[in-house]
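*Asks:* Contents are TSV, C-alpha atoms; file name query22.tsv:
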chain	number	residue	atom	x	y	z
A	1	MET	CA	35.36	94.93	12.99
A	2	HIS	CA	33.84	91.49	12.12
A	3	ARG	CA	34.90	89.67	8.96
A	4	ARG	CA	32.16	87.99	6.98
A	5	GLY	CA	32.36	84.30	5.97
A	6	VAL	CA	34.33	83.22	9.00
A	7	GLY	CA	32.96	81.54	12.17
A	8	ALA	CA	31.30	78.30	13.27
A	9	GLY	CA	28.09	78.96	11.37
A	10	ALA	CA	29.89	79.61	8.08
A	11	ILE	CA	32.09	76.52	8.37
A	12	ALA	CA	29.06	74.36	9.09
A	13	LYS	CA	27.28	75.81	6.06
A	14	LYS	CA	30.30	75.10	3.88
A	15	LYS	CA	30.51	71.54	5.18
A	16	LEU	CA	26.86	71.02	4.50
A	17	ALA	CA	27.26	72.25	0.93
A	18	GLU	CA	30.16	69.89	0.42
A	19	MET	CA	28.26	66.96	1.86
A	20	SER	CA	25.28	67.77	-0.25
A	21	LYS	CA	27.45	67.68	-3.33
A	22	GLN	CA	28.98	64.39	-2.26
A	23	LEU	CA	25.56	62.93	-1.69
A	24	GLU	CA	24.51	63.94	-5.18
A	25	THR	CA	27.53	62.19	-6.63
A	26	PHE	CA	26.94	59.21	-4.38
A	27	LYS	CA	23.30	59.01	-5.45
A	28	SER	CA	24.04	59.13	-9.15
A	29	ASN	CA	26.81	56.54	-8.73
A	30	LEU	CA	24.34	54.36	-6.95
A	31	GLU	CA	21.78	54.74	-9.70
A	32	GLU	CA	24.38	53.81	-12.23
A	33	PHE	CA	25.36	50.79	-10.16
A	34	ALA	CA	21.74	49.83	-9.78
A	35	SER	CA	20.86	49.97	-13.45
A	36	LYS	CA	24.01	48.08	-14.42
A	37	HIS	CA	23.40	45.34	-11.94
A	38	LYS	CA	19.63	45.01	-12.03
A	39	GLN	CA	19.96	42.38	-14.73
A	40	GLU	CA	22.66	40.54	-12.86
A	41	ILE	CA	20.60	40.45	-9.71
A	42	ARG	CA	17.83	38.71	-11.56
A	43	LYS	CA	20.07	36.41	-13.56
A	44	SER	CA	22.86	35.24	-11.32
A	45	SER	CA	22.37	33.44	-8.03
A	46	GLN	CA	26.06	33.87	-7.24
A	47	PHE	CA	25.77	37.60	-7.68
A	48	ARG	CA	22.76	37.65	-5.39
A	49	VAL	CA	24.66	35.79	-2.68
A	50	GLN	CA	27.57	38.19	-2.88
A	51	PHE	CA	25.21	41.13	-2.95
A	52	GLN	CA	23.42	39.88	0.15
A	53	GLU	CA	26.70	39.30	1.96
A	54	MET	CA	27.87	42.79	1.06
A	55	CYS	CA	24.65	44.25	2.39
A	56	ALA	CA	25.02	42.23	5.58
A	57	THR	CA	28.49	43.63	6.27
A	58	ILE	CA	27.21	47.19	6.04
A	59	GLY	CA	24.18	46.31	8.13
A	60	VAL	CA	21.57	46.54	5.39
A	61	ASP	CA	18.83	43.98	4.75
A	62	PRO	CA	17.53	44.48	1.22
A	63	LEU	CA	14.55	42.30	1.98
A	64	ALA	CA	13.63	43.95	5.23
A	65	SER	CA	10.87	45.95	3.71
A	66	GLY	CA	9.27	45.68	0.32
A	67	LYS	CA	9.43	49.41	-0.14
A	68	GLY	CA	13.12	49.65	0.73
A	69	PHE	CA	15.60	51.58	-1.33
A	70	TRP	CA	17.50	48.53	-2.47
A	71	SER	CA	14.52	46.42	-3.23
A	72	GLU	CA	12.93	49.17	-5.30
A	73	MET	CA	16.16	50.17	-7.01
A	74	LEU	CA	17.29	46.71	-7.88
A	75	GLY	CA	14.07	44.75	-7.88
A	76	VAL	CA	15.60	42.36	-5.35
A	77	GLY	CA	12.39	42.35	-3.38
A	78	ASP	CA	10.36	41.46	-6.46
A	79	PHE	CA	12.59	38.54	-7.23
A	80	TYR	CA	12.14	37.01	-3.77
A	81	TYR	CA	8.48	37.84	-3.64
A	82	GLU	CA	7.84	35.97	-6.87
A	83	LEU	CA	9.97	33.10	-5.68
A	84	GLY	CA	7.96	32.96	-2.46
A	85	VAL	CA	4.75	32.68	-4.44
A	86	GLN	CA	6.22	29.86	-6.49
A	87	ILE	CA	7.34	28.03	-3.36
A	88	ILE	CA	3.85	28.26	-1.91
A	89	GLU	CA	2.39	26.85	-5.13
A	90	VAL	CA	4.73	23.87	-5.13
A	91	CYS	CA	4.05	23.12	-1.48
A	92	LEU	CA	0.29	23.36	-1.91
A	93	ALA	CA	0.35	21.06	-4.92
A	94	LEU	CA	2.18	18.35	-2.97
A	95	LYS	CA	0.62	18.80	0.44
A	96	HIS	CA	-1.84	15.96	-0.01
A	97	ARG	CA	1.07	13.59	-0.62
A	98	ASN	CA	3.56	14.59	2.04
A	99	GLY	CA	1.40	16.29	4.65
A	100	GLY	CA	3.13	19.64	4.13
A	101	LEU	CA	6.73	18.50	4.62
A	102	ILE	CA	9.19	18.57	1.73
A	103	THR	CA	12.95	18.31	1.41
A	104	LEU	CA	14.78	21.40	0.22
A	105	ASP	CA	16.24	19.30	-2.60
A	106	GLU	CA	12.85	18.31	-3.92
A	107	LEU	CA	11.52	21.85	-3.56
A	108	HIS	CA	14.53	23.14	-5.47
A	109	HIS	CA	14.09	20.56	-8.21
A	110	ARG	CA	10.43	21.40	-8.69
A	111	VAL	CA	10.89	25.16	-8.57
A	112	LEU	CA	13.54	24.91	-11.28
A	113	LYS	CA	11.28	22.67	-13.32
A	114	GLY	CA	8.44	25.13	-13.00
A	115	ARG	CA	10.59	27.97	-14.23
A	116	GLY	CA	11.45	26.30	-17.49
A	117	LYS	CA	14.62	26.12	-19.51
A	118	PHE	CA	15.15	29.80	-20.15
A	119	ALA	CA	14.17	31.20	-16.81
A	120	GLN	CA	16.49	32.66	-14.22
A	121	ASP	CA	18.75	30.50	-12.18
A	122	VAL	CA	17.56	29.87	-8.63
A	123	SER	CA	19.84	28.47	-5.95
A	124	GLN	CA	19.02	26.76	-2.67
A	125	ASP	CA	20.32	29.87	-0.94
A	126	ASP	CA	17.63	31.84	-2.77
A	127	LEU	CA	14.98	29.40	-1.57
A	128	VAL	CA	16.13	29.61	2.02
A	129	ARG	CA	15.96	33.40	1.95
A	130	ALA	CA	12.56	33.43	0.32
A	131	ILE	CA	11.25	30.95	2.89
A	132	LYS	CA	12.65	33.02	5.76
A	133	LYS	CA	10.74	35.96	4.32
A	134	LEU	CA	7.57	33.89	4.10
A	135	LYS	CA	8.08	32.81	7.67
A	136	VAL	CA	8.36	36.41	8.82
A	137	MET	CA	5.15	37.25	6.97
A	138	GLY	CA	3.44	34.58	9.01
A	139	ASN	CA	2.70	32.05	6.29
A	140	GLY	CA	3.13	29.02	8.50
A	141	PHE	CA	6.48	28.15	6.94
A	142	GLY	CA	9.33	26.63	8.85
A	143	MET	CA	12.64	24.94	8.18
A	144	ILE	CA	13.90	21.89	10.00
A	145	PRO	CA	17.60	21.08	9.67
A	146	VAL	CA	18.09	17.44	8.71
A	147	GLY	CA	21.10	15.54	7.40
A	148	GLY	CA	23.02	18.57	6.18
A	149	SER	CA	20.06	20.21	4.49
A	150	TYR	CA	16.51	21.17	5.43
A	151	LEU	CA	12.98	19.89	5.53
A	152	VAL	CA	10.61	22.69	4.62
A	153	GLN	CA	7.37	22.72	6.54
A	154	SER	CA	4.52	24.51	4.85
A	155	VAL	CA	1.62	23.75	7.12
A	156	PRO	CA	1.46	24.96	10.70
A	157	ALA	CA	1.61	21.46	12.18
A	158	GLU	CA	2.77	21.71	15.73
A	159	LEU	CA	6.24	20.28	15.73
A	160	ASN	CA	8.33	20.58	18.84
A	161	MET	CA	11.92	19.54	19.53
A	162	ASP	CA	10.98	15.91	20.07
A	163	HIS	CA	9.25	15.72	16.70
A	164	THR	CA	12.09	17.49	14.95
A	165	VAL	CA	14.68	15.14	16.38
A	166	VAL	CA	12.71	12.10	15.24
A	167	LEU	CA	12.37	13.59	11.76
A	168	GLN	CA	16.12	13.99	11.64
A	169	LEU	CA	16.52	10.35	12.64
A	170	ALA	CA	14.06	9.26	9.94
A	171	GLU	CA	15.88	11.21	7.27
A	172	LYS	CA	18.50	8.52	6.68
A	173	LYS	CA	16.22	5.75	5.52
A	174	GLY	CA	12.95	7.56	5.05
A	175	TYR	CA	11.39	5.66	7.92
A	176	VAL	CA	11.89	5.08	11.61
A	177	SER	CA	10.75	2.60	14.28
A	178	VAL	CA	10.21	2.70	18.02
A	179	SER	CA	13.34	0.68	18.79
A	180	GLU	CA	15.50	2.86	16.54
A	181	ILE	CA	14.31	5.90	18.45
A	182	ARG	CA	14.95	4.25	21.80
A	183	GLU	CA	18.40	3.11	20.74
A	184	SER	CA	19.57	6.37	19.18
A	185	LEU	CA	17.89	8.86	21.48
A	186	LYS	CA	17.69	6.81	24.67
A	187	TRP	CA	14.03	7.61	25.15
A	188	GLU	CA	11.33	5.76	27.00
A	189	ARG	CA	8.98	3.76	24.83
A	190	GLU	CA	6.06	5.99	25.68
A	191	ARG	CA	7.83	9.13	24.56
A	192	ALA	CA	8.75	7.53	21.25
A	193	CYS	CA	5.21	6.30	20.64
A	194	HIS	CA	3.79	9.68	21.51
A	195	VAL	CA	5.91	11.39	18.87
A	196	LEU	CA	5.15	8.79	16.22
A	197	ASP	CA	1.43	9.02	16.93
A	198	HIS	CA	1.62	12.75	16.48
A	199	LEU	CA	3.35	12.39	13.11
A	200	LEU	CA	0.61	9.98	12.02
A	201	LYS	CA	-2.05	12.38	13.21
A	202	GLU	CA	-0.53	15.29	11.29
A	203	GLY	CA	-0.50	13.23	8.12
A	204	LEU	CA	3.28	13.42	7.92
A	205	ALA	CA	3.85	9.72	8.42
A	206	TRP	CA	2.21	6.47	7.31
A	207	LEU	CA	2.23	3.22	9.27
A	208	ASP	CA	3.77	0.06	7.82
A	209	SER	CA	2.73	-2.92	9.93
A	210	GLN	CA	4.14	-5.55	7.59
A	211	ALA	CA	7.77	-4.69	8.21
A	212	SER	CA	9.72	-7.55	9.74
A	213	GLY	CA	10.13	-7.23	13.49
A	214	GLU	CA	8.13	-4.17	14.42
A	215	PRO	CA	6.00	-1.48	12.73
A	216	GLN	CA	7.79	1.18	10.74
A	217	TYR	CA	6.74	4.77	10.27
A	218	TRP	CA	7.44	6.12	6.80
A	219	LEU	CA	7.44	9.76	5.71
A	220	PRO	CA	6.30	10.46	2.15
A	221	ALA	CA	8.38	13.63	2.27
A	222	LEU	CA	11.49	11.48	2.59
A	223	PHE	CA	10.43	8.78	0.13
A	224	SER	CA	13.05	9.26	-2.54
A	225	GLU	CA	11.11	7.48	-5.23
A	226	LEU	CA	8.41	10.04	-4.89
A	227	THR	CA	10.43	13.19	-5.22
A	228	SER	CA	10.63	13.18	-8.98
A	229	ARG	CA	7.10	12.00	-9.66
A	230	ASP	CA	4.71	14.56	-11.00
A	231	VAL	CA	1.21	14.90	-9.66
A	232	THR	CA	-0.96	12.91	-12.07
A	233	PRO	CA	-4.36	14.25	-13.16
A	234	GLU	CA	-5.94	11.44	-11.17
A	235	GLU	CA	-4.07	12.43	-8.07
A	236	ALA	CA	-5.04	16.02	-8.58
A	237	ASN	CA	-8.70	15.00	-8.62
A	238	GLN	CA	-8.27	13.40	-5.25
A	239	ILE	CA	-6.96	16.53	-3.61
A	240	THR	CA	-9.51	17.81	-1.20
A	241	PRO	CA	-9.39	21.59	-0.83
B	1	MET	CA	1.98	-0.16	-23.47
B	2	SER	CA	3.06	-1.30	-20.04
B	3	PHE	CA	1.07	-0.40	-16.97
B	4	GLU	CA	2.27	2.62	-15.03
B	5	TRP	CA	2.20	2.08	-11.30
B	6	PRO	CA	1.43	5.07	-9.09
B	7	TRP	CA	4.04	6.14	-6.53
B	8	GLN	CA	2.01	4.60	-3.70
B	9	TYR	CA	2.52	1.13	-5.13
B	10	ASN	CA	6.18	1.15	-4.10
B	11	PHE	CA	5.48	2.76	-0.75
B	12	PRO	CA	5.33	-0.07	1.84
B	13	PRO	CA	2.73	1.58	4.13
B	14	PHE	CA	0.30	1.69	1.21
B	15	PHE	CA	-0.46	-1.96	1.96
B	16	THR	CA	-1.35	-1.29	5.60
B	17	LEU	CA	-4.80	0.10	6.35
B	18	GLN	CA	-3.90	3.49	7.83
B	19	PRO	CA	-5.04	4.28	11.36
B	20	ASN	CA	-5.32	8.02	10.74
B	21	VAL	CA	-8.72	8.80	9.25
B	22	ASP	CA	-7.60	11.51	6.81
B	23	THR	CA	-4.65	9.49	5.61
B	24	ARG	CA	-6.89	6.45	5.23
B	25	GLN	CA	-9.24	8.42	3.02
B	26	LYS	CA	-6.40	9.35	0.72
B	27	GLN	CA	-5.18	5.78	0.77
B	28	LEU	CA	-8.55	4.31	-0.17
B	29	ALA	CA	-9.02	6.84	-2.94
B	30	ALA	CA	-5.64	5.86	-4.33
B	31	TRP	CA	-6.48	2.15	-4.09
B	32	CYS	CA	-9.78	2.63	-5.89
B	33	SER	CA	-8.00	4.54	-8.61
B	34	LEU	CA	-5.29	1.91	-8.93
B	35	ALA	CA	-7.72	-1.01	-9.01
B	36	LEU	CA	-9.82	0.61	-11.71
B	37	SER	CA	-6.88	1.58	-13.91
B	38	TYR	CA	-5.41	-1.88	-13.62
B	39	CYS	CA	-8.69	-3.47	-14.66
B	40	ARG	CA	-9.04	-0.99	-17.47
B	41	HIS	CA	-5.52	-1.66	-18.71
B	42	HIS	CA	-6.01	-5.42	-18.71
B	43	LYS	CA	-9.65	-5.24	-19.78
B	44	LEU	CA	-10.85	-7.15	-16.74
B	45	TYR	CA	-14.59	-7.11	-16.18
B	46	THR	CA	-15.05	-9.70	-13.50
B	47	LEU	CA	-12.94	-10.42	-10.44
B	48	GLY	CA	-12.91	-13.34	-8.05
B	49	ILE	CA	-11.80	-12.65	-4.51
B	50	MET	CA	-9.48	-15.65	-4.40
B	51	GLU	CA	-7.44	-14.74	-7.50
B	52	VAL	CA	-7.50	-11.07	-6.64
B	53	GLN	CA	-5.43	-11.64	-3.51
B	54	GLU	CA	-2.62	-13.02	-5.60
B	55	CYS	CA	-2.94	-10.39	-8.29
B	56	PRO	CA	0.15	-8.12	-8.52
B	57	VAL	CA	-1.99	-5.11	-7.68
B	58	PHE	CA	-2.74	-6.33	-4.19
B	59	ASN	CA	0.30	-8.51	-3.73
B	60	HIS	CA	3.50	-6.65	-4.42
B	61	LYS	CA	6.12	-9.36	-4.24
B	62	ASN	CA	9.06	-7.07	-4.94
B	63	ILE	CA	8.61	-5.19	-1.71
B	64	ASP	CA	7.07	-8.13	0.14
B	65	ARG	CA	3.82	-6.36	0.94
B	66	LYS	CA	0.24	-7.38	0.34
B	67	LEU	CA	-3.14	-5.91	1.09
B	68	SER	CA	-5.07	-8.08	3.57
B	69	THR	CA	-8.36	-9.65	2.54
B	70	GLU	CA	-10.13	-7.39	5.01
B	71	ALA	CA	-8.58	-4.33	3.42
B	72	ILE	CA	-9.34	-5.56	-0.10
B	73	LEU	CA	-12.99	-5.88	0.85
B	74	ILE	CA	-12.92	-2.35	2.23
B	75	VAL	CA	-11.52	-1.08	-1.06
B	76	PHE	CA	-14.16	-3.02	-2.96
B	77	GLU	CA	-16.87	-1.55	-0.76
B	78	GLU	CA	-15.61	1.91	-1.66
B	79	LEU	CA	-15.77	1.00	-5.33
B	80	ARG	CA	-19.26	-0.35	-4.87
B	81	LYS	CA	-20.39	2.88	-3.23
B	82	LYS	CA	-19.01	4.84	-6.16
B	83	GLY	CA	-20.88	2.67	-8.64
B	84	ASN	CA	-17.83	0.95	-10.08
B	85	LEU	CA	-18.38	-2.51	-8.62
B	86	GLU	CA	-21.22	-4.97	-8.21
B	87	TRP	CA	-21.22	-8.23	-6.26
B	88	LEU	CA	-22.45	-11.24	-8.13
B	89	ASP	CA	-23.14	-13.30	-5.04
B	90	LYS	CA	-24.14	-12.75	-1.43
B	91	ASN	CA	-20.93	-14.30	-0.15
B	92	LYS	CA	-18.89	-11.68	-1.98
B	93	THR	CA	-16.66	-14.04	-3.87
B	94	GLN	CA	-17.23	-12.68	-7.37
B	95	CYS	CA	-17.83	-9.18	-8.62
B	96	LEU	CA	-18.28	-7.14	-11.75
B	97	VAL	CA	-15.86	-4.26	-12.22
B	98	MET	CA	-17.09	-1.25	-14.08
B	99	TRP	CA	-14.03	0.86	-14.70
B	100	ARG	CA	-16.30	2.56	-17.13
B	101	ARG	CA	-19.94	2.88	-16.22
B	102	PRO	CA	-22.67	1.63	-18.61
B	103	GLU	CA	-23.72	5.19	-19.48
B	104	GLU	CA	-20.15	6.02	-20.48
B	105	TRP	CA	-19.88	2.94	-22.66
B	106	GLY	CA	-23.25	3.73	-24.22
B	107	LYS	CA	-22.02	7.18	-25.14
B	108	LEU	CA	-18.87	5.79	-26.78
B	109	ILE	CA	-20.83	3.26	-28.78
B	110	TYR	CA	-23.34	5.82	-29.94
B	111	GLN	CA	-20.58	8.18	-30.98
B	112	TRP	CA	-19.09	5.48	-33.18
B	113	VAL	CA	-22.46	4.65	-34.66
B	114	SER	CA	-23.34	8.23	-35.57
B	115	LYS	CA	-19.81	9.05	-36.74
B	116	ASN	CA	-20.08	6.23	-39.24
B	117	GLY	CA	-23.53	7.29	-40.33
B	118	MET	CA	-25.06	4.05	-39.10
B	119	VAL	CA	-27.98	5.44	-37.23
B	120	ASN	CA	-31.16	3.49	-38.07
B	121	THR	CA	-29.18	0.34	-38.74
B	122	VAL	CA	-29.65	-2.85	-36.83
B	123	PHE	CA	-26.64	-4.59	-35.28
B	124	THR	CA	-26.34	-7.92	-33.59
B	125	LEU	CA	-24.59	-7.73	-30.27
B	126	TYR	CA	-21.83	-9.88	-31.69
B	127	GLU	CA	-21.23	-7.49	-34.60
B	128	LEU	CA	-21.00	-4.58	-32.26
B	129	ALA	CA	-18.57	-6.01	-29.74
B	130	ASN	CA	-16.66	-8.48	-31.85
B	131	GLY	CA	-17.08	-7.48	-35.49
B	132	ASP	CA	-14.18	-6.51	-37.72
B	133	ASP	CA	-15.58	-3.02	-38.12
B	134	THR	CA	-15.21	-2.20	-34.46
B	135	GLU	CA	-11.80	-3.75	-33.95
B	136	SER	CA	-10.03	-0.50	-33.25
B	137	GLU	CA	-12.74	0.80	-30.94
B	138	GLU	CA	-12.41	0.81	-27.18
B	139	PHE	CA	-15.65	-1.10	-26.76
B	140	HIS	CA	-14.38	-3.93	-28.89
B	141	GLY	CA	-14.34	-7.08	-26.81
B	142	LEU	CA	-16.81	-5.68	-24.30
B	143	GLU	CA	-18.40	-8.50	-22.38
B	144	GLU	CA	-22.05	-9.13	-23.11
B	145	TRP	CA	-23.43	-8.25	-19.71
B	146	MET	CA	-21.82	-4.84	-19.88
B	147	LEU	CA	-22.77	-4.34	-23.49
B	148	ILE	CA	-26.41	-5.00	-22.69
B	149	ARG	CA	-26.35	-2.58	-19.76
B	150	SER	CA	-24.77	0.10	-21.93
B	151	LEU	CA	-27.39	-0.35	-24.61
B	152	GLN	CA	-30.10	-0.27	-21.99
B	153	ALA	CA	-28.71	3.04	-20.79
B	154	LEU	CA	-28.99	4.34	-24.36
B	155	GLN	CA	-32.47	2.91	-24.54
B	156	THR	CA	-33.49	4.92	-21.49
B	157	ASP	CA	-32.21	7.96	-23.32
B	158	GLY	CA	-34.24	7.08	-26.37
B	159	LYS	CA	-31.13	6.60	-28.47
B	160	ALA	CA	-31.42	2.87	-29.06
B	161	GLU	CA	-33.68	-0.10	-28.76
B	162	VAL	CA	-32.61	-3.58	-27.78
B	163	ILE	CA	-34.43	-6.17	-29.88
B	164	THR	CA	-34.65	-9.92	-29.70
B	165	MET	CA	-33.85	-11.70	-32.90
B	166	ASP	CA	-33.86	-15.35	-33.90
B	167	ASP	CA	-30.42	-16.22	-32.73
B	168	GLY	CA	-29.80	-13.70	-30.05
B	169	LYS	CA	-30.14	-10.03	-29.28
B	170	GLY	CA	-29.61	-7.03	-31.43
B	171	VAL	CA	-29.89	-3.27	-31.26
B	172	LYS	CA	-31.22	-0.48	-33.38
B	173	PHE	CA	-29.88	3.03	-33.00
B	174	PHE	CA	-31.89	6.18	-33.51
The structure given in the file should be rewritten as structure tokens.
*Replies:*
Amino acid sequence: MHRRGVGAGAIAKKKLAEMSKQLETFKSNLEEFASKHKQEIRKSSQFRVQFQEMCATIGVDPLASGKGFWSEMLGVGDFYYELGVQIIEVCLALKHRNGGLITLDELHHRVLKGRGKFAQDVSQDDLVRAIKKLKVMGNGFGMIPVGGSYLVQSVPAELNMDHTVVLQLAEKKGYVSVSEIRESLKWERERACHVLDHLLKEGLAWLDSQASGEPQYWLPALFSELTSRDVTPEEANQITP
Amino acid sequence: MSFEWPWQYNFPPFFTLQPNVDTRQKQLAAWCSLALSYCRHHKLYTLGIMEVQECPVFNHKNIDRKLSTEAILIVFEELRKKGNLEWLDKNKTQCLVMWRRPEEWGKLIYQWVSKNGMVNTVFTLYELANGDDTESEEFHGLEEWMLIRSLQALQTDGKAEVITMDDGKGVKFF
């Protein structure tokens, strides 16, 4: 005689029922978590960092896809999407000045300014993540590590390792010369000149031939006096589309 | 009110004519803008090439940079092409600077005239540019050559007529 309710099939069914119940609980807990923290996600950059780190440890990228569970639930995706748009606006507005190269500091300063006094807090970590997202979407964005921070590149100027290394050298004073490059990097004169010519050609550097000794190549992106100056209406009129 | 220098003024390469064509275009546009605003601020209407080289605009002593004479002439040529500058001599030693073009001045003057209900009145040029009544107006102190050109622009528009009187010129507005 066979007894009902016992056997591999029945146990599996029971387990499934249990799991299903657990999932229901899990889902409603998650929804509760989400609604509680939606505000915090938008308001606190520290919370966002911790949230991102938590996701990373469990192998989840909340920004991986705009339609993802987390990004929809918590609006994380929206936050970074909007930030990305703002970053693009700032970079476009200053492109005529700096050739499409801007320090992360200046970008941060201007993004905060654009958001006004009562807007949400945005950290440099937020900017870096938003830029990485922009990069993935193929917007011509790139980040060059210099002096402990980054230079954000917003135009697809072709910059290879040689160019990057010279930019890093220029970061200290905002300008660089052929002899400085030869001294620090031990390059041949021709290689140094080649890089500097490229930077001039891309509109990232300006030539100063009145410097004592030899010509200097200055980068508007690194010109500290410039970073806090707004674009004047006159300047705006000069911007060619 | 003190003059506000643009960011480029403190940027040493600004005083070197840029080799890159696109950068040079931006540079020249900025120079034209700076030259005109400086002249506007100090109400300069004529410039001599010799003094201009020593003028703070083109000779920035603080950063030990100056625009070469060649470059200054290039900037002036840009201004001339845009209608903001006119050479007074073939040797290009003196020029007129029109940081406001005659038509624009004409418009300002006419606005003042009609605002004060003085259409159909006759003014001497002196009254217009140097009279007490116009002291707070922007065109106060306008040099005669520019004043005449502005009135001639209005005349072309049928808004005024320049007349010769006993002791000089005058103008009637319609």
*Asks:* Return the neighbours of chain B among the residues of chain A, cut-off 9 Å, counting all atoms listed in the file, as a count of residues only.
*Replies:* 26
*Asks:* Would you pick out the contacts of Met146 (chain B) at 9 Å or less, using all atoms listed in the file, so that residues sharing its chain but fewer than 4 positions from it are not included, and give the list as a PyMOL selection string?
*Replies:* chain B and resi 45+98+101-102+105+142+150-151
*Asks:* Export C-alpha atoms of the chosen residues as a JSON list (two decimals), in the coordinates of the input?
*Replies:*
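Written out: part_28.json:
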[["chain", "number", "residue", "atom", "x", "y", "z"],
["B", 45, "TYR", "CA", -14.59, -7.11, -16.18],
["B", 98, "MET", "CA", -17.09, -1.25, -14.08],
["B", 101, "ARG", "CA", -19.94, 2.88, -16.22],
["B", 102, "PRO", "CA", -22.67, 1.63, -18.61],
["B", 105, "TRP", "CA", -19.88, 2.94, -22.66],
["B", 142, "LEU", "CA", -16.81, -5.68, -24.30],
["B", 150, "SER", "CA", -24.77, 0.10, -21.93],
["B", 151, "LEU", "CA", -27.39, -0.35, -24.61]]
*Asks:* Nearest to Arg80 (chain B): which of B:Leu125, B:Val113, B:Met50, B:Cys32 is it, counting all atoms listed in the file?
*Replies:* B:Cys32
*Asks:* Would you pick out the contacts of Asp126 (chain A) at 10 Å or less, using all atoms listed in the file, so that residues sharing its chain but fewer than 3 positions from it are not included, and give the list as a list in words?
*Replies:*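 In the requested form, the answer reads Ser45, Gln46, Arg48, Val49, Phe79, Tyr80, Leu83, Gly84, His108, Asp121, Val122, Ser123, Arg129, Ala130, Ile131 and Lys132 of chain A.
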*Asks:* In Å, how far is it from CA of Leu104 (chain A) to CA of Gln50 (chain A)?
*Replies:*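 Taking CA of Leu104 (chain A) and CA of Gln50 (chain A), their separation equals 21.3 Å.
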*Asks:* What is the CA of Arg40 (chain B) to CA of Val97 (chain B) distance in Å?
*Replies:* 9.2 Å
